[in-house]
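Q: Following this message is one structure expressed as structure tokens.
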Amino acid sequence: MNSLSKNTLLNCAIFSLAATTSSIACAADSDTSWAGLYGGITIGTLYGKADPDTTVTDGSYFQTQNINKLNHTFQKDVSGSTPTASLLFGYLKQNDNFLYGIEADLTLMEFNEKTSTTTFYKSPSSLENTTDTRIKNHYSLAIRPTIGYSFGSTMVQLGVGPVISQFTYKFDFIDGAGAKTSSDHDKTEIGVSANIGIKHKFDNGLILQGDYVYSQYSNIANRESLLTRQTGVTTTDTFSYDSDFQSHNVRIGLVKYF
């Protein structure tokens with residue numbers, strides 16, 4: 001047998017072995033089922049940030065030259081971190097290694113952060129003013145269509161869908177002459193939530209999950225208030241409240257199929 005024939009047979013043998021090994025691996029992957037109804041519980045840490053767009057009009061109290069400085073003061077970010085706990089429920093169907101389905105999660109947190117700022121403006125003398133902006137958020141409920149891919153005992157999953165939550169937006173302003181305004185209101189807002197995660201099945205049936213969840217809300221505040229002088233007289237200076245909110249939640253937990 002010449003050298004060319006030997007090389008051809010060797011290459012064919014290697015190709016056949018690789019194809020057989022690949023087929024066995026794929027079959028093993030497909031044997032692990034992720035299909036069905038499941039539930040789980042996770043704990044994590046959430047970082048949230050509100051970006052207020054609060055403004056005041058040039059009315060009968062504030063001087064025009066101070067408006068831009070005041071608005072800049074009102075628009076300081078409000079951010080912080082909080083522990084989270086989530087309940088998960090989902091359903092997956094499997095076609096070979098590909099997965100698709102839907103997942104819902106209820107997340108509880110204690111986001112309660114405040115930004116306080118003290119500045120000065122001329123009216124006509126220099127007046128000190130203090131601004132407090134507080135954001136509260138205690139829960140979110142998300143429903144996300146999901147897709148995934150199974151690697152046997154490990155799978156990856158990606159989901160995007162709507163999320164609903166309630167926010168408390170509290171704003172207080174007072175200056176050295178006693179002029180003040182405040183607003184304290186709750187607003188339920190629908191946003192968008194996306195997550196990417198990984199699950200792993202152990203031999204004892206235990207399933208460990210880790211994921212990252214991003215949520216975005218475009219308008220968590222929508223209210224106005226008027227400035228009131230120390231004498232109780234209401235001015236025409238109107239405060240308008242607006243803010244978005246985004247959060248990043250990293251979680252780990254356990255999952256069980258029913």
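Following the order of the structure tokens, chains are lettered A, B, ..., residues in each are numbered from 1, and ligands are numbered from 1.
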Let's see if you can do this: from backbone DSSP, list all strand (DSSP E or B) residues in stretch 45-194 of chain A, as JSON, numbers by chain.
A: {"A": [45, 46, 47, 48, 49, 50, 51, 52, 55, 56, 78, 79, 80, 81, 82, 83, 84, 85, 86, 87, 88, 89, 90, 91, 92, 93, 94, 95, 98, 99, 100, 101, 102, 103, 104, 105, 106, 107, 108, 109, 110, 111, 112, 113, 114, 115, 116, 117, 118, 119, 120, 121, 122, 126, 127, 128, 129, 130, 131, 132, 133, 134, 135, 136, 137, 138, 139, 140, 141, 142, 143, 144, 145, 146, 147, 148, 149, 150, 154, 155, 156, 157, 158, 159, 160, 161, 162, 163, 164, 165, 166, 167, 168, 169, 170, 171, 172, 173, 174, 175, 180, 181, 182, 183, 184, 185, 186, 187, 188, 189, 190, 191, 192, 193, 194]}
Q: Residues of the last selection are to be written out with C-alpha atoms, as a short mmCIF file (atom, residue, chain, number, x, y, z; two decimals), in the first residue's frame.
A:
data_model
loop_
_atom_site.label_atom_id
_atom_site.label_comp_id
_atom_site.auth_asym_id
_atom_site.auth_seq_id
_atom_site.Cartn_x
_atom_site.Cartn_y
_atom_site.Cartn_z
CA THR A 45 -27.81 42.06 45.64
CA LEU A 46 -29.42 44.86 43.65
CA TYR A 47 -27.83 48.16 42.68
CA GLY A 48 -30.35 50.79 41.64
CA LYS A 49 -30.06 54.33 40.33
CA ALA A 50 -32.66 57.03 39.71
CA ASP A 51 -31.85 59.90 37.37
CA PRO A 52 -34.22 62.75 38.35
CA THR A 55 -37.15 71.37 37.18
CA VAL A 56 -38.63 74.65 38.44
CA VAL A 78 -30.12 58.85 43.76
CA SER A 79 -28.43 55.45 44.01
CA GLY A 80 -27.67 52.58 46.37
CA SER A 81 -27.67 48.82 46.95
CA THR A 82 -30.02 46.45 48.73
CA PRO A 83 -30.37 42.69 49.31
CA THR A 84 -33.06 40.90 47.29
CA ALA A 85 -35.10 37.71 47.51
CA SER A 86 -36.94 36.26 44.51
CA LEU A 87 -39.52 33.55 43.82
CA LEU A 88 -39.28 31.98 40.35
CA PHE A 89 -41.83 29.99 38.35
CA GLY A 90 -41.35 28.86 34.78
CA TYR A 91 -42.09 26.34 32.08
CA LEU A 92 -39.72 25.10 29.39
CA LYS A 93 -40.09 22.94 26.30
CA GLN A 94 -37.08 21.22 24.77
CA ASN A 95 -36.23 20.37 21.17
CA PHE A 98 -32.70 24.01 22.34
CA LEU A 99 -35.06 25.32 25.01
CA TYR A 100 -37.90 27.84 24.95
CA GLY A 101 -40.63 28.84 27.36
CA ILE A 102 -41.65 31.49 29.86
CA GLU A 103 -40.52 32.52 33.34
CA ALA A 104 -42.03 34.80 35.99
CA ASP A 105 -40.33 36.14 39.08
CA LEU A 106 -41.41 38.18 42.07
CA THR A 107 -38.51 40.07 43.63
CA LEU A 108 -38.63 41.74 47.03
CA MET A 109 -36.15 44.43 48.09
CA GLU A 110 -35.77 47.41 50.43
CA PHE A 111 -34.41 50.13 48.15
CA ASN A 112 -34.68 53.35 50.18
CA GLU A 113 -32.10 55.96 49.19
CA LYS A 114 -31.83 59.75 49.53
CA THR A 115 -29.66 62.47 48.03
CA SER A 116 -29.35 65.75 49.97
CA THR A 117 -27.79 68.92 48.55
CA THR A 118 -27.20 72.36 50.09
CA THR A 119 -26.31 75.28 47.82
CA PHE A 120 -26.64 79.08 47.66
CA TYR A 121 -28.39 81.41 45.23
CA LYS A 122 -28.98 85.17 45.06
CA SER A 126 -27.22 85.04 49.09
CA LEU A 127 -29.73 82.46 50.35
CA GLU A 128 -28.97 78.90 51.44
CA ASN A 129 -31.30 76.20 50.12
CA THR A 130 -31.58 72.50 50.93
CA THR A 131 -32.94 69.83 48.59
CA ASP A 132 -33.79 66.23 49.55
CA THR A 133 -34.78 63.61 46.99
CA ARG A 134 -35.73 60.13 48.21
CA ILE A 135 -36.61 57.05 46.13
CA LYS A 136 -38.23 53.90 47.54
CA ASN A 137 -38.82 50.60 45.75
CA HIS A 138 -39.96 47.40 47.47
CA TYR A 139 -40.94 44.86 44.80
CA SER A 140 -40.98 43.99 41.11
CA LEU A 141 -42.94 41.41 39.13
CA ALA A 142 -41.49 40.30 35.78
CA ILE A 143 -42.74 37.93 33.07
CA ARG A 144 -40.13 37.00 30.47
CA PRO A 145 -40.32 34.72 27.41
CA THR A 146 -37.06 32.74 27.46
CA ILE A 147 -34.78 30.77 25.21
CA GLY A 148 -31.93 28.50 26.24
CA TYR A 149 -29.45 25.83 25.25
CA SER A 150 -28.64 22.59 27.04
CA THR A 154 -25.71 22.52 32.43
CA MET A 155 -27.87 24.97 30.51
CA VAL A 156 -27.83 28.69 29.72
CA GLN A 157 -30.97 30.80 29.52
CA LEU A 158 -31.87 34.28 28.24
CA GLY A 159 -35.14 36.14 28.76
CA VAL A 160 -36.65 39.56 27.99
CA GLY A 161 -40.08 40.87 28.94
CA PRO A 162 -42.17 43.41 30.85
CA VAL A 163 -41.74 44.20 34.54
CA ILE A 164 -44.06 46.12 36.86
CA SER A 165 -43.09 47.87 40.08
CA GLN A 166 -44.19 50.66 42.44
CA PHE A 167 -41.98 53.60 43.36
CA THR A 168 -42.23 56.30 46.00
CA TYR A 169 -40.76 59.65 44.94
CA LYS A 170 -40.32 62.19 47.76
CA PHE A 171 -38.94 65.69 47.19
CA ASP A 172 -38.39 68.51 49.71
CA PHE A 173 -37.04 72.02 49.12
CA ILE A 174 -36.59 74.88 51.60
CA ASP A 175 -34.46 78.00 51.51
CA LYS A 180 -40.58 75.69 50.47
CA THR A 181 -42.28 72.97 48.51
CA SER A 182 -42.63 69.20 48.81
CA SER A 183 -44.06 66.22 46.97
CA ASP A 184 -44.58 62.67 48.20
CA HIS A 185 -46.35 60.26 45.89
CA ASP A 186 -46.41 56.64 44.71
CA LYS A 187 -46.45 55.57 41.07
CA THR A 188 -46.82 52.13 39.53
CA GLU A 189 -44.65 51.84 36.45
CA ILE A 190 -44.18 49.22 33.73
CA GLY A 191 -40.66 48.76 32.42
CA VAL A 192 -38.47 46.24 30.60
CA SER A 193 -36.51 43.44 32.25
CA ALA A 194 -33.83 41.17 30.80
#
Q: List as JSON, numbers by chain the protein and nucleic acid residues near A:Val213, meaning an atom at most 6 Å away when only C-alpha atoms are counted, but skip any in the same chain fewer than 6 places from it.
A: {"A": [194, 195, 248, 249]}
Q: As JSON, numbers by chain, list the residues of stretch 37-83 of chain A assigned to alpha helix (DSSP H) by DSSP on the backbone atoms of this structure.
A: {"A": [67, 68, 69, 70, 71, 72, 73, 74]}
Q: Nearest to A:Ile207: which of A:Phe239, A:Phe74, A:Phe62, A:Tyr257 is it, counting only C-alpha atoms?
A: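 When distances to A:Ile207 are compared using only C-alpha atoms, the smallest one comes from A:Tyr257.
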Q: Which is closest to A:Gln246 among A:Gln230, A:Leu208, A:Ile196, A:Asp77, if we use only C-alpha atoms?
A: A:Asp77
Q: Need the shell around A:Gln209: protein/DNA/RNA residues with any atom at most 7 Å away, counting only C-alpha atoms. Skip same-chain ones fewer than 2 positions apart. Format as a ChimeraX atom specification?
A: /A:198-200,207,211,252-255
Q: Emit the selected residues as a short mmCIF file (atom, residue, chain, number, x, y, z; two decimals), in the first residue's frame, including N, CA and C atoms.
A:
data_model
loop_
_atom_site.label_atom_id
_atom_site.label_comp_id
_atom_site.auth_asym_id
_atom_site.auth_seq_id
_atom_site.Cartn_x
_atom_site.Cartn_y
_atom_site.Cartn_z
N ILE A 198 -27.50 30.78 34.23
CA ILE A 198 -26.99 29.42 34.02
C ILE A 198 -27.55 28.52 35.12
N LYS A 199 -27.93 27.30 34.74
CA LYS A 199 -28.41 26.31 35.69
C LYS A 199 -27.55 25.06 35.56
N HIS A 200 -27.34 24.37 36.69
CA HIS A 200 -26.57 23.13 36.68
C HIS A 200 -27.26 22.09 37.54
N ILE A 207 -30.59 21.46 41.70
CA ILE A 207 -30.30 22.37 40.59
C ILE A 207 -29.89 23.72 41.16
N ASP A 211 -27.90 34.05 38.06
CA ASP A 211 -28.27 34.90 36.93
C ASP A 211 -28.07 36.38 37.25
N ILE A 252 -28.32 34.21 43.12
CA ILE A 252 -27.97 32.79 43.15
C ILE A 252 -29.05 32.08 43.96
N GLY A 253 -29.39 30.86 43.53
CA GLY A 253 -30.44 30.16 44.25
C GLY A 253 -30.62 28.71 43.80
N LEU A 254 -31.71 28.11 44.24
CA LEU A 254 -32.02 26.70 43.98
C LEU A 254 -33.31 26.58 43.18
N VAL A 255 -33.35 25.58 42.30
CA VAL A 255 -34.51 25.35 41.43
C VAL A 255 -34.96 23.90 41.57
#
Q: Kindly give the distance, in Å, that separates atom CA of A:Asp242 and atom CA of A:Gly178, rounded to a single decimal.
A: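 Atom-to-atom, atom CA of A:Asp242 to atom CA of A:Gly178, that is 24.6 Å.
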Q: Using only C-alpha atoms, which residue out of A:Lys256, A:Arg251, A:Lys69, A:Arg229 lies closest to A:Gly176?
A: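 Closest residue, counting only C-alpha atoms: A:Arg229.
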Q: Quick one: of A:Ser153, A:Thr228, A:Thr234, A:Gln65, who's nearest to A:Ser33, counting only C-alpha atoms?
A: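 Once distances to A:Ser33 are computed over only C-alpha atoms, the minimum belongs to A:Ser153.
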Q: As an exercise, work out the distance from atom CA of A:Gly59 to atom CA of A:Ser243 in Å and give it to one decimal place.
A: 22.5 Å
Q: In Å to one decimal, how far is atom CA of A:Leu226 from atom CA of A:Phe245?
A: 24.6 Å
